[in-house]
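So the structure is just underneath, and the comments pick up after that.
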Amino acid sequence: MRKLKRREENPKKQKNNKVFPFHNNRSKENKENQGDTSAYSEELEEAKVKKDGKNREIIHITYMFVGLFVLVIGYFSYFMISKSNEVINNPYNKRHDLLAEHIVRGKILSADGKTLAETVVDDKGNETRLYPYRNMYSHVVGRFSKGKTGIESIENFHLLTSNDNAFVQIFNELSGEKNIGDNVVATLDTKLQEIAYDALGNQKGAIVVMEPSSGKILAMVSKPDYDPNEINSNWEKLVEDKENNSALINRATQGLYPPGSIFKILTVLEYMRENPDYNDYKYNCTGEDVFNSVKIHCYNNESHGTVDIKKSFSESCNTSFANMGTKINMKLFRELCDSFLFNSNLPTNLPYNPSSFTISGSSNVNEMPQTVIGQGKTQITPLHAALITSTVANGGVMMKPYVVDHVENVNGTVVKKYMPEIYKTLMTPEEAQILTSFMEETVKTGTADALSGKKYTSAGKTGSAEHQDGKRPHSWYVGFAPAEKPEIVVSIIVESAGTGSAYAVPIASKIFDAYFK
């Protein structure tokens, strides 16, 4: 009885089934809890994936906005560096009118300190823009009235900006007086400009004089011209243009002409590049010949006899060059001309028309005989011809042309300086030297021999460009001097005058003589 009672009093010591069901229930609960935990983990993982996805979207959007911001900053920088002057000098920029209310327009000066344009104020405060040299600089310096042109346009902002002493400016403003605008000093040389202007005489045409090592434009003449002092009174007559003079057009930069034989500079360069044995070249000129069913004549059907490549160039033998053209790859020739800025923008801020060259790899071969001698559909401006010639003179390096040397305030302190810039190297020094030797021979024994025997040496190429039936050809000359170390380049065209040797070469002689006097 006692034993049984003790067992009842100590149930923990009894090995009965009451404990085991309890453990079994916990086990089931653990399993259920494990299942719940697994589901919860899956939910957490799913939430994490969704969160990561949202984070990635946010990151992508952030990157997109950062990229857009960088592009905006990049464009803004490009605008400030490359396009700001274009916008500032835009004639539609209303800021100019505001500046003109407070600033007396500055002067335009030549490289040798002569006044080319100035604003005169009378006792009543009326302002008049004057051009002391009248017609001589009408295109390159330009005009102020009836739409700004030339330097008046491209430097408009600087002419209407004053960098005078700050105290002087404040005093003038408080006194109700206008401040004096900055002066623009051009690269133009009045002596060379006058010589070139007079040498062209009453003929239609254009002249560009450059410094090949820097790109400075030393003189630029275009005729017919006009007096910018009388632009308002003569405007209707100039616009009507009954005599078809196109006096408002700057022929030096906007006049497009067939280049004639001056184009042979590029033709012979392409031939040399494709034919390393060019020194062995020989051709028998009889005055005319047929190439690809196209008949080509030398000028006046002159027979040059047997010519090599140098004599072909110096004598400007059309048939020999047409013969070279049959051996030139049209696609490569197009690439060469494009590299020399045909069908392209010129590196200048002066208004201009782009030169054109139409031959390509798919052109008809019958176009080549005329094209290689500078006829056909090819057109060029005198400025572009000057750039090509300067590239030869400068050892194969083309410089960017520029017409303004610096900007200075009314006291003569320089506030902005323009420096020479290389555009591109377009030929090797060896190629440039070979072309120079050909151009020297043209002066010594060829079509430009009127320039031989001077106290300076020179090199060049003449051209007689046919342009209209019944009219005389345009007269071309491009060249440089001294031949061994070029300082000056000329590009000259005289419209409907005749041969280059008879009309353009004498003008070059006068310019060279004045420069080396």
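We label chains A, B, ... in the order they appear in the structure tokens, count residues from 1 in each chain, and number ligands from 1 in the order shown.
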
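The neighbours of Val208 (chain A) here are the residues that come within 8 Å of it, using only C-alpha atoms and leaving out any residue fewer than 5 positions away in the same chain; they are A:Ile217, A:Leu218, A:Ala219, A:Met220, A:Val221, A:Ala252, A:Pro382, A:Leu383, A:Ala386, A:Val490, A:Ser491, A:Ile492.
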
Give me the residues near Leu200 (chain A) as a compact mmCIF listing (two decimals) with N, CA, C and O atoms, in the first residue's frame, where near means some atom within 10 Å (using only C-alpha atoms) and where sequence neighbours in that chain fewer than 2 positions away do not count.
```txt
# COMPACT_ATOMS: atom_id res chain seq x y z
N ILE A 195 48.88 98.79 -102.71
CA ILE A 195 49.54 98.28 -103.92
C ILE A 195 48.62 97.29 -104.64
O ILE A 195 48.44 97.35 -105.87
N ALA A 196 48.03 96.37 -103.89
CA ALA A 196 47.15 95.37 -104.48
C ALA A 196 45.92 96.03 -105.09
O ALA A 196 45.48 95.67 -106.20
N TYR A 197 45.35 97.00 -104.38
CA TYR A 197 44.15 97.68 -104.86
C TYR A 197 44.42 98.42 -106.17
O TYR A 197 43.65 98.33 -107.14
N ASP A 198 45.53 99.13 -106.20
CA ASP A 198 45.88 99.88 -107.41
C ASP A 198 46.27 98.95 -108.56
O ASP A 198 45.98 99.23 -109.73
N ASN A 202 40.84 98.77 -112.68
CA ASN A 202 39.40 98.75 -112.91
C ASN A 202 38.88 97.37 -113.28
O ASN A 202 37.71 97.22 -113.65
N GLN A 203 39.73 96.38 -113.18
CA GLN A 203 39.33 95.02 -113.52
C GLN A 203 38.50 94.41 -112.39
O GLN A 203 38.69 94.71 -111.21
N LYS A 204 37.59 93.53 -112.77
CA LYS A 204 36.89 92.73 -111.76
C LYS A 204 37.81 91.62 -111.30
O LYS A 204 38.55 91.03 -112.11
N GLY A 205 37.76 91.31 -110.02
CA GLY A 205 38.61 90.24 -109.52
C GLY A 205 38.86 90.35 -108.04
O GLY A 205 38.16 91.08 -107.32
N ALA A 206 39.87 89.64 -107.57
CA ALA A 206 40.17 89.63 -106.14
C ALA A 206 41.63 89.28 -105.91
O ALA A 206 42.25 88.59 -106.73
N ILE A 207 42.13 89.74 -104.77
CA ILE A 207 43.51 89.46 -104.36
C ILE A 207 43.54 89.15 -102.88
O ILE A 207 42.91 89.85 -102.07
N VAL A 221 41.59 92.33 -101.33
CA VAL A 221 40.95 93.27 -102.24
C VAL A 221 39.89 92.55 -103.06
O VAL A 221 40.09 91.40 -103.47
N SER A 222 38.77 93.22 -103.27
CA SER A 222 37.72 92.69 -104.13
C SER A 222 37.15 93.83 -104.96
O SER A 222 36.87 94.91 -104.42
N LYS A 223 37.01 93.61 -106.26
CA LYS A 223 36.44 94.61 -107.15
C LYS A 223 35.44 93.96 -108.10
O LYS A 223 35.66 92.82 -108.53
N ILE A 492 45.68 85.54 -106.80
CA ILE A 492 45.17 86.63 -107.64
C ILE A 492 44.28 86.08 -108.74
O ILE A 492 44.66 85.11 -109.42
N ILE A 493 43.12 86.67 -108.92
CA ILE A 493 42.28 86.36 -110.07
C ILE A 493 41.81 87.65 -110.70
O ILE A 493 41.39 88.59 -110.01
N VAL A 494 41.93 87.73 -112.04
CA VAL A 494 41.42 88.85 -112.81
C VAL A 494 40.38 88.27 -113.76
O VAL A 494 40.69 87.44 -114.61
N TYR A 503 48.26 88.78 -117.16
CA TYR A 503 47.51 89.71 -116.33
C TYR A 503 47.71 89.52 -114.82
O TYR A 503 47.85 90.50 -114.09
N ALA A 504 47.71 88.30 -114.34
CA ALA A 504 47.83 88.09 -112.89
C ALA A 504 49.28 88.17 -112.43
O ALA A 504 49.56 88.69 -111.34
N PRO A 506 51.86 90.07 -113.52
CA PRO A 506 52.33 91.44 -113.27
C PRO A 506 51.82 92.03 -111.96
O PRO A 506 52.52 92.83 -111.32
N ILE A 507 50.60 91.66 -111.55
CA ILE A 507 50.08 92.12 -110.27
C ILE A 507 50.90 91.53 -109.12
O ILE A 507 51.26 92.22 -108.17
```

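Within the 12 Å cut-off around region 230-234 of chain A, using only C-alpha atoms and omitting residues fewer than 5 positions from it on the same chain, the listed residues are Thr128, Arg129, Leu130, Tyr131, Arg134, Asn135, Ser138, Gly142, Arg143, Phe144, Ser145, Lys146, Gly147, Lys148, Asp225, Val239, Glu240, Asp241, Ala247 and Leu248 of chain A.
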
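Each of A:Gln379, A:Ala111, A:Asp164, A:Ser314 was compared to Thr413 (chain A) using only C-alpha atoms, and A:Asp164 turns out to be the nearest.
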
How close does each residue of region 318-419 of chain A get to region 463-476 of chain A, giving the shortest atom pair and distance in Å to one decimal for every residue with an atom at most 10 Å away, counting only C-alpha atoms, sorted by chain and residue number, as a Markdown table?
```
| residue | atom | partner | partner_atom | distance |
| --- | --- | --- | --- | --- |
| A:Ile373 | CA | A:Ala465 | CA | 9.3 |
| A:Gly374 | CA | A:Ala465 | CA | 7.4 |
| A:Gln375 | CA | A:Ala465 | CA | 6.9 |
| A:Gly376 | CA | A:His467 | CA | 9.4 |
| A:Pro382 | CA | A:Trp476 | CA | 9.2 |
| A:Ala385 | CA | A:Trp476 | CA | 9.9 |
```

Could you go through region 324-409 of chain A and tell me which residues DSSP, when run on the backbone, assigns to helix (DSSP H, G or I), listing them as a PyMOL selection string?
chain A and resi 324-325+330-339+365-371+382-393

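With distances restricted to only C-alpha atoms, A:Ala393 is the closest residue to Ser214 (chain A) from A:Ile170, A:Ala393, A:Ile249, A:Val410.
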
What's the 12 Å shell around region 418-427 of chain A, counting only C-alpha atoms, without same-chain residues fewer than 4 positions away, as a ChimeraX atom specification?
/A:184-187,211-217,266,269-270,272-273,335-341,345-348,387-408,414,431-435

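Considering the residues A:Gly106, A:Gly412, A:Gly255, A:Pro224 and counting only C-alpha atoms, Asp182 (chain A) has its shortest atom-to-atom contact with A:Gly106.
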
Name all residues at most 10 Å from Asn343 (chain A) (count only C-alpha atoms; drop same-chain ones fewer than 5 positions away) and give them as a ChimeraX atom specification.
/A:337-338,353-358,379-380

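When only C-alpha atoms are used to measure the gap to Pro482 (chain A), the shortest distance among A:Glu495, A:Asp189, A:Glu173, A:Glu440 belongs to A:Glu440.
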
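Of the listed residues (A:Gln370, A:Asn183, A:Ser246, A:Ser175), A:Gln370 comes nearest to Thr267 (chain A); the distances count only C-alpha atoms.
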
Identify, on the basis of only C-alpha atoms, every residue whose closest approach to region 319-329 of chain A does not exceed 10 Å; exclude the query and any residue fewer than 2 positions from it along the same chain; express the result as an MDAnalysis selection string.
chainID A and resid 261 264 267:268 270:275 281:292 294:299 301 303:304 306:309 311:313 316:317 331:334 360:361 365:373

How would you write, as a VMD selection string, the set of residues in region 122-327 of chain A that DSSP gives as strand (DSSP E)?
chain A and resid 127 to 130 179 to 180 183 to 186 205 to 210 217 to 223 283 to 285 288 to 291 294 to 297 305 to 307
